[in-house]
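A short write-up of the structure that comes next.
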Amino acid sequence: MTENENILTAPDGEREVGGKTPDEEKPAKRRKRGGKILVEKWIFFACALISILAVAAIVVFILINSIPALAEIGVLKFIFGTEWYPNGYHFEVDPATGEMISNNASEVFGILPMIVCSIIVTLLSLLCGGVLGVSSALFVVYWCPERFKKVVVQLINVFAGIPSVIYGFFGLVFIIPILRSFAGNGFGIMACMLVLMLMILPTIASMSKNALESVPANYYEGAIALGMTKEQAIFTVMLPAAKSGIISGLIMGTGRAVGEAMAVALVCGGSPSFPDGLFSNIRTMTSSIALEMSYASGIQRNALIATGLVLLIFVLILNFIISRINRDNNGGGKPGKSRSRGRAKTDGGAVMCVAGDAAGSAACVVSRATAVAVPEYRKKGLFSNIAKYACYFFTCFAGVCLVVLVGFILVNGLPNLASVFDVGAPGQLGVSNIVQFGNALFGTLVLIVLTLAIALPLGICAAVYLHEYAKPGSKIVKAIRLFNDTLGGVPSIVFGLFGNIVFVVTLGMSNCILAGTFTMVLIILPTIIRSVEESLIAVPDSLREASLALGATKFRTIWKVVLPQALAGILTAAVLSIGRIVGESAALIYTMGSTRAFLPTGLVGRGNASCTLTVYMYILASDGQEIGVAYGIAVILLFIVALVYVGLGLIEYFGKKEKGAKKCKEKIKPAV
Amino acid sequence: MQREDKTGGLKVKADKSAASSAIFDFNREVVIDIEHMDLYYTAFHAIKDVSMKVKRNEVTAFIGPSGCGKSTLIKSLNRMNDLIPGCRITGKIEIGGQDIYAPGVDLPILRKNVGMVFQKPNPFPKSVYDNVAYAPRMFGIRDKATLDHIVESSLRRAAMWDELKDRLNKSALGLSGGQQQRLCIARSLAADPSVLLMDEPTSALDPISTGKIEELCDELKKTVTVVIVTHNMQQAARISDKTAFFLLGKVIEFDETAKMFSNPTHPETERYISGRFG
């Protein structure tokens, strides 16, 4: 099912839904409005339905392609099996030589060790990244000197936008040599944990920061007026008040950690067995797919897809938890999500009740209605002060880690930039480095242009439907939002599997730019829809009313008045998407391919595979032959990420200049 | 005497000797003694040479048009102004015989003794019980029976024990605006203050809730000294013993409420009270 088919087929499905509401209840009103509005409404509606269709298609296709493996192996044997010998070979990296050793065995597929490793690695990295991220957020919001605050916030956003491959590469060239001096070959749980910790830290910090900032300032005043120190107020009132937003951030970090494939594949060691210590080589579900998908066929391929299915179920459960948290409170962590003018979010008033420890304490015996003297004894806020200094320490640690990451790559990469542009000395592929780089750059640019050309219109239409046309709070809107959020949380390796199954194999497109484009569209669509919708929310209703009162049609109002006002938000969405496309590797390597020896002559079909810079970088890093070039590409990728954030800054700057205090800040959320 | 608080006031760490000197004596007749106080927000001269004596167990109302400095003054009485960057105070404010802007004043102890209720109700997103028990807990009371007692007596003093005794474990944010405000009063009372500052406590409330809070003030002055900022002159006339009229950062007149409203000395006061400006 391609995008085009989605658009074509969607109205059929929708006619039943759309037919119910306006026709039977208000026939008169419908006649008055005329048919024209409905036509464009249906087109927008069709676009909005894509996220539902995409989630459904992903689940269905992954499931269908898992069935052969699950049927042959047996579901329980697959999930609870402890050995993984695909094709009868057990591959293992010899720590001494770095070569693959294989030993014969019968074909066995069991993924329990991978599930266990995924969980262990995720929990460990969540623990460390969570502590560091929340501490950093607390520091930035409450203790950071004003003049550094803006810089630090921007840095956090930039770090959240660094491609995961670079984190993996940093693990490979920096963390692993250090770990190797402690035990083993350096690969394994510890390396995965550290890499993932660094990767999810900015995400958690950024979301926690938003959550803390959206806590009303008068809570703070209230606590201070009761005689609390700043630290006591922060830890006893502000932090608990931001709890739900911070938990959302932690869960989002969990989703990112459990779904990360390429970075983990670079540092996990690849051994599909139970770990026997923090330094033992392991393999997670994602890295298993990333490591073997390139050559897998037959039952092995199905087994890998089934691994993807298990992963998908994990992530769907996490998404479900997030949506429950967001429903149970007014979404402290996502200030942008609270709908102004009462649209959609009708549950805004229902706020979490922290009953907890006060339970049953109502049984007061004393009923004297006079004051009880509270002694002027005060704990000096020892705990809060310790916690404050712990925050300082963890923030410093996080900052140092991230600065070391960028510094190390820049220091080693800048001298190696020349090797990227090396015209001579054809490497393994028979072409020089600069040709490979040029082709990868070309592939990246074409991918960006095509993806945005498809995803932006779709996303804008969907957002317009959700915010301008749909009945606020209706079931279909809620469903679309839920599926949109779900789609946004699906790990990119699962998108890669889906793209490979549907576009590359089923539709016979083979690895090509268009297959990569379609996959990428699905990945960035949720971000675009949310981002545009938020900018539509920010457009004041009075403008719409003014335009409608002048006799403009609804469509004209949207086209001429609302969308131009939301332009900054739309541009922000586009730039964020560019960052996401540049950073993506797991979803592209098995859809768009990794060919950078020649330029593709067409967009689709055999022989038109291409490559992006990030995929090129992954190949270089995992190959290990030309680390110098990998450093060079890493620097270039960092440069592009920096450029993306400069672009975002410019949009915000000009957006503010034009429209005064427009809230663009919230939209600069890291793509997750 | 001029001090600038660059630290935001909150990092002041009272050493032992300073803390012991910061014991307030609220049994004296003049609880709040302001002498020649000036306050600047960076360059803006917000309060100009204010002197005032507030007596124990009286309700004192500050009235005046917007921007006249009455909220600023009330906030400097428990040093909440420290939160505003660029705020500078000269002159002297003594509370309970203690210069509250002297170096080494223990701010938490000051604020525990000088409670504050804000314009907008700001209960914490915790249960009713936890809101009221918050300050006692933070001041070191761990004993459950004592806490229960404090919660009950504070809620009773705020005249809302009967409304809330069955909802102690419900979120305070589920209460109505008026209830939230009275809960905030109860929360302040739980810290056992001797002075209660109220910064336009009823301006966000409906008439019925306003009436309840006004009744409360009458009750409260038996045990605490109340200073209230209000925009509502009738309210000042109803509940206060003394009234101070502010204009452009100056106290134009400070006198018995009855006299102020029947026979003001100053023509500006007369014009304001009769509604000719403001």
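Just so we're on the same page: first chain in the structure tokens is A, next is B, and so on; residues restart at 1 for each chain, and ligands are numbered from 1 in the order they show up.
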
Leaving out range 234-242 of chain A and any residue of its chain fewer than 5 positions from it, which residues lie within 10 Å of it when counting only C-alpha atoms, given as an NGL selection string? (:A and (134 or 138 or 142 or 208-217 or 219-220 or 222-224 or 228-229 or 247 or 331-333 or 352 or 354 or 383-385 or 387-388)) or (:B and (124-126 or 131 or 134 or 138))

Keeping N, CA, C and O atoms, export the residues of the selection given above as a compact mmCIF listing (two decimals), in the first residue's frame.
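Final output, saved to selection.txt:
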# COMPACT_ATOMS: atom_id res chain seq x y z
N VAL A 134 16.88 14.27 34.46
CA VAL A 134 16.01 15.05 35.34
C VAL A 134 16.84 16.03 36.15
O VAL A 134 16.45 17.19 36.35
N LEU A 138 16.32 20.04 36.21
CA LEU A 138 16.16 20.82 37.44
C LEU A 138 17.19 21.94 37.49
O LEU A 138 16.87 23.08 37.81
N TYR A 142 16.02 25.80 37.51
CA TYR A 142 16.03 26.52 38.79
C TYR A 142 17.36 27.12 39.21
O TYR A 142 17.39 28.04 40.00
N SER A 208 11.61 16.93 30.61
CA SER A 208 11.47 17.27 32.03
C SER A 208 11.51 18.78 32.21
O SER A 208 10.80 19.33 33.05
N LYS A 209 12.35 19.42 31.42
CA LYS A 209 12.44 20.88 31.50
C LYS A 209 11.08 21.50 31.16
O LYS A 209 10.59 22.36 31.88
N ASN A 210 10.48 21.01 30.07
CA ASN A 210 9.15 21.53 29.71
C ASN A 210 8.15 21.29 30.82
O ASN A 210 7.33 22.16 31.13
N ALA A 211 8.22 20.10 31.42
CA ALA A 211 7.26 19.77 32.49
C ALA A 211 7.46 20.70 33.68
O ALA A 211 6.50 21.23 34.23
N LEU A 212 8.73 20.92 34.06
CA LEU A 212 8.99 21.78 35.22
C LEU A 212 8.57 23.22 34.93
O LEU A 212 8.03 23.91 35.80
N GLU A 213 8.82 23.65 33.69
CA GLU A 213 8.47 25.03 33.37
C GLU A 213 6.97 25.26 33.33
O GLU A 213 6.51 26.38 33.51
N SER A 214 6.22 24.19 33.07
CA SER A 214 4.78 24.40 33.00
C SER A 214 4.11 24.30 34.36
O SER A 214 2.90 24.45 34.47
N VAL A 215 4.88 24.04 35.42
CA VAL A 215 4.30 24.10 36.76
C VAL A 215 4.06 25.57 37.11
O VAL A 215 4.96 26.38 36.95
N PRO A 216 2.84 25.91 37.54
CA PRO A 216 2.54 27.32 37.80
C PRO A 216 3.52 27.91 38.82
O PRO A 216 3.84 27.28 39.82
N ALA A 217 3.98 29.13 38.54
CA ALA A 217 4.97 29.75 39.41
C ALA A 217 4.40 30.04 40.79
O ALA A 217 5.14 30.16 41.76
N TYR A 219 2.85 28.12 42.73
CA TYR A 219 3.15 27.04 43.68
C TYR A 219 4.44 27.36 44.42
O TYR A 219 4.55 27.17 45.62
N TYR A 220 5.38 27.85 43.65
CA TYR A 220 6.68 28.19 44.22
C TYR A 220 6.52 29.29 45.25
O TYR A 220 7.00 29.19 46.38
N GLY A 222 3.91 30.07 46.87
CA GLY A 222 3.19 29.55 48.02
C GLY A 222 4.12 28.85 48.99
O GLY A 222 4.06 29.08 50.20
N ALA A 223 5.01 28.03 48.45
CA ALA A 223 5.93 27.29 49.31
C ALA A 223 6.91 28.22 49.99
O ALA A 223 7.19 28.10 51.18
N ILE A 224 7.40 29.20 49.25
CA ILE A 224 8.36 30.15 49.83
C ILE A 224 7.68 30.94 50.95
O ILE A 224 8.25 31.16 52.02
N MET A 228 9.67 28.00 53.26
CA MET A 228 10.57 26.97 52.73
C MET A 228 11.80 27.63 52.12
O MET A 228 11.74 28.77 51.64
N THR A 229 12.89 26.91 52.11
CA THR A 229 14.02 27.38 51.32
C THR A 229 13.73 27.07 49.87
O THR A 229 12.81 26.30 49.55
N ILE A 247 7.46 11.80 34.00
CA ILE A 247 7.28 10.37 33.71
C ILE A 247 7.06 10.16 32.22
O ILE A 247 7.62 9.22 31.62
N GLY A 331 -1.73 16.81 31.31
CA GLY A 331 -0.60 16.80 30.41
C GLY A 331 0.46 17.83 30.75
O GLY A 331 0.87 18.60 29.91
N GLY A 332 0.88 17.84 31.99
CA GLY A 332 1.87 18.81 32.40
C GLY A 332 3.13 18.79 31.53
O GLY A 332 3.74 19.81 31.32
N GLY A 333 3.46 17.62 31.02
CA GLY A 333 4.70 17.52 30.27
C GLY A 333 4.60 18.05 28.87
O GLY A 333 5.58 18.35 28.23
N MET A 352 -4.58 15.30 38.59
CA MET A 352 -4.14 14.20 39.40
C MET A 352 -4.27 14.49 40.89
O MET A 352 -3.95 15.55 41.38
N VAL A 354 -2.98 13.55 44.45
CA VAL A 354 -1.91 12.84 45.14
C VAL A 354 -2.38 12.52 46.55
O VAL A 354 -2.05 13.20 47.50
N PHE A 383 18.31 17.37 53.38
CA PHE A 383 18.07 16.51 52.23
C PHE A 383 18.01 17.32 50.94
O PHE A 383 18.63 16.98 49.94
N SER A 384 17.26 18.42 51.00
CA SER A 384 17.10 19.24 49.80
C SER A 384 18.44 19.79 49.34
O SER A 384 18.71 19.86 48.15
N ASN A 385 19.27 20.17 50.32
CA ASN A 385 20.57 20.71 49.91
C ASN A 385 21.45 19.63 49.29
O ASN A 385 22.12 19.88 48.28
N ALA A 387 20.34 17.06 47.75
CA ALA A 387 19.76 16.81 46.44
C ALA A 387 20.18 17.88 45.45
O ALA A 387 20.46 17.60 44.29
N LYS A 388 20.26 19.13 45.93
CA LYS A 388 20.67 20.21 45.04
C LYS A 388 22.09 19.96 44.53
O LYS A 388 22.35 20.05 43.34
N PHE B 124 -1.26 23.53 46.51
CA PHE B 124 -0.37 22.62 45.80
C PHE B 124 -1.17 21.47 45.21
O PHE B 124 -2.23 21.12 45.73
N PRO B 125 -0.65 20.86 44.16
CA PRO B 125 -1.36 19.70 43.60
C PRO B 125 -1.18 18.48 44.49
O PRO B 125 -0.60 17.48 44.08
N LYS B 126 -1.61 18.60 45.71
CA LYS B 126 -1.55 17.50 46.66
C LYS B 126 -2.93 17.38 47.28
O LYS B 126 -3.82 18.16 46.97
N ASN B 131 -1.69 19.45 51.84
CA ASN B 131 -1.51 20.90 51.72
C ASN B 131 -1.38 21.54 53.09
O ASN B 131 -0.47 22.33 53.32
N TYR B 134 1.67 20.51 55.07
CA TYR B 134 2.95 20.72 54.38
C TYR B 134 3.97 21.47 55.25
O TYR B 134 5.07 20.98 55.50
N MET B 138 7.44 20.19 57.04
CA MET B 138 8.74 20.69 56.64
C MET B 138 9.47 21.33 57.81
O MET B 138 10.67 21.47 57.79

Counting only C-alpha atoms, chain B residues within 7 Å of chain A, as a PyMOL selection string: chain B and resi 10+80+107-109+111-112+115-116+122+124-127+129-130+135-136+139-140+148-150+153-154+156-157+165+168-171+173+188+191-192

All alpha helix (DSSP H) residues (DSSP, backbone) inside range 60-148 of chain B, as an MDAnalysis selection string: chainID B and resid 70:76 107:113 128:138 144:148

Pick out each residue of range 145-234 of chain B that DSSP on the backbone tags as strand (DSSP E); I need them as a ChimeraX atom specification. /B:195-199,225-229

Any chance you could export the current selection's all heavy atoms as a short mmCIF file (atom, residue, chain, number, x, y, z; two decimals), in the first residue's frame?
data_model
loop_
_atom_site.label_atom_id
_atom_site.label_comp_id
_atom_site.auth_asym_id
_atom_site.auth_seq_id
_atom_site.Cartn_x
_atom_site.Cartn_y
_atom_site.Cartn_z
N VAL B 195 1.54 36.87 62.14
CA VAL B 195 1.03 37.89 61.22
C VAL B 195 0.56 37.18 59.97
O VAL B 195 1.22 36.24 59.50
CB VAL B 195 2.14 38.91 60.85
CG1 VAL B 195 1.61 39.93 59.87
CG2 VAL B 195 2.69 39.57 62.08
N LEU B 196 -0.58 37.59 59.46
CA LEU B 196 -1.04 37.00 58.20
C LEU B 196 -1.22 38.13 57.19
O LEU B 196 -1.98 39.07 57.43
CB LEU B 196 -2.36 36.25 58.42
CG LEU B 196 -2.83 35.41 57.23
CD1 LEU B 196 -1.81 34.33 56.89
CD2 LEU B 196 -4.17 34.76 57.54
N LEU B 197 -0.48 38.03 56.09
CA LEU B 197 -0.58 39.02 55.03
C LEU B 197 -1.51 38.48 53.96
O LEU B 197 -1.37 37.33 53.54
CB LEU B 197 0.79 39.30 54.42
CG LEU B 197 1.92 39.59 55.41
CD1 LEU B 197 3.24 39.69 54.67
CD2 LEU B 197 1.64 40.88 56.16
N MET B 198 -2.46 39.29 53.51
CA MET B 198 -3.35 38.82 52.45
C MET B 198 -3.30 39.84 51.32
O MET B 198 -3.64 41.01 51.50
CB MET B 198 -4.77 38.69 52.97
CG MET B 198 -4.89 37.72 54.12
SD MET B 198 -6.53 37.03 54.17
CE MET B 198 -6.93 37.22 55.87
N ASP B 199 -2.88 39.35 50.16
CA ASP B 199 -2.72 40.25 49.01
C ASP B 199 -3.93 40.09 48.10
O ASP B 199 -4.00 39.16 47.30
CB ASP B 199 -1.42 39.88 48.28
CG ASP B 199 -1.09 40.88 47.20
OD1 ASP B 199 -1.85 41.84 47.03
OD2 ASP B 199 -0.07 40.68 46.51
N THR B 225 -2.29 38.94 63.71
CA THR B 225 -2.39 40.29 63.18
C THR B 225 -2.56 40.17 61.67
O THR B 225 -1.79 39.45 61.03
CB THR B 225 -1.10 41.06 63.49
OG1 THR B 225 -0.85 40.93 64.88
CG2 THR B 225 -1.22 42.51 63.11
N VAL B 226 -3.58 40.84 61.14
CA VAL B 226 -3.88 40.66 59.72
C VAL B 226 -3.60 41.95 58.97
O VAL B 226 -4.00 43.04 59.40
CB VAL B 226 -5.35 40.25 59.51
CG1 VAL B 226 -5.67 40.14 58.02
CG2 VAL B 226 -5.65 38.94 60.21
N VAL B 227 -2.87 41.82 57.85
CA VAL B 227 -2.71 42.95 56.94
C VAL B 227 -3.31 42.52 55.61
O VAL B 227 -2.97 41.46 55.09
CB VAL B 227 -1.23 43.32 56.75
CG1 VAL B 227 -1.11 44.48 55.77
CG2 VAL B 227 -0.60 43.68 58.08
N ILE B 228 -4.23 43.32 55.08
CA ILE B 228 -4.90 42.90 53.86
C ILE B 228 -4.86 44.01 52.83
O ILE B 228 -5.07 45.18 53.15
CB ILE B 228 -6.37 42.46 54.18
CG1 ILE B 228 -7.08 41.99 52.94
CG2 ILE B 228 -7.14 43.59 54.87
CD1 ILE B 228 -8.39 41.29 53.23
N VAL B 229 -4.49 43.62 51.60
CA VAL B 229 -4.54 44.57 50.50
C VAL B 229 -5.86 44.36 49.79
O VAL B 229 -6.25 43.22 49.53
CB VAL B 229 -3.38 44.32 49.52
CG1 VAL B 229 -3.60 45.09 48.24
CG2 VAL B 229 -2.07 44.72 50.14
#

Which is closest to Val59 in chain B among B:Asp25, B:Glu214, B:Glu253, B:Glu163, if we use only C-alpha atoms?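 Of B:Asp25, B:Glu214, B:Glu253, B:Glu163, the one nearest Val59 in chain B is B:Glu214, counting only C-alpha atoms.
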
Would you mind telling me which residue in A:Gly184, A:Pro415, A:Gly110, A:Pro275 lies nearest to Gly632 in chain A when using only C-alpha atoms?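 Checking each of A:Gly184, A:Pro415, A:Gly110, A:Pro275 against Gly632 in chain A, counting only C-alpha atoms, the winner is A:Pro415.
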
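Separating CA of Ala265 in chain A from CA of Trp84 in chain A is a distance of 16.4 Å.
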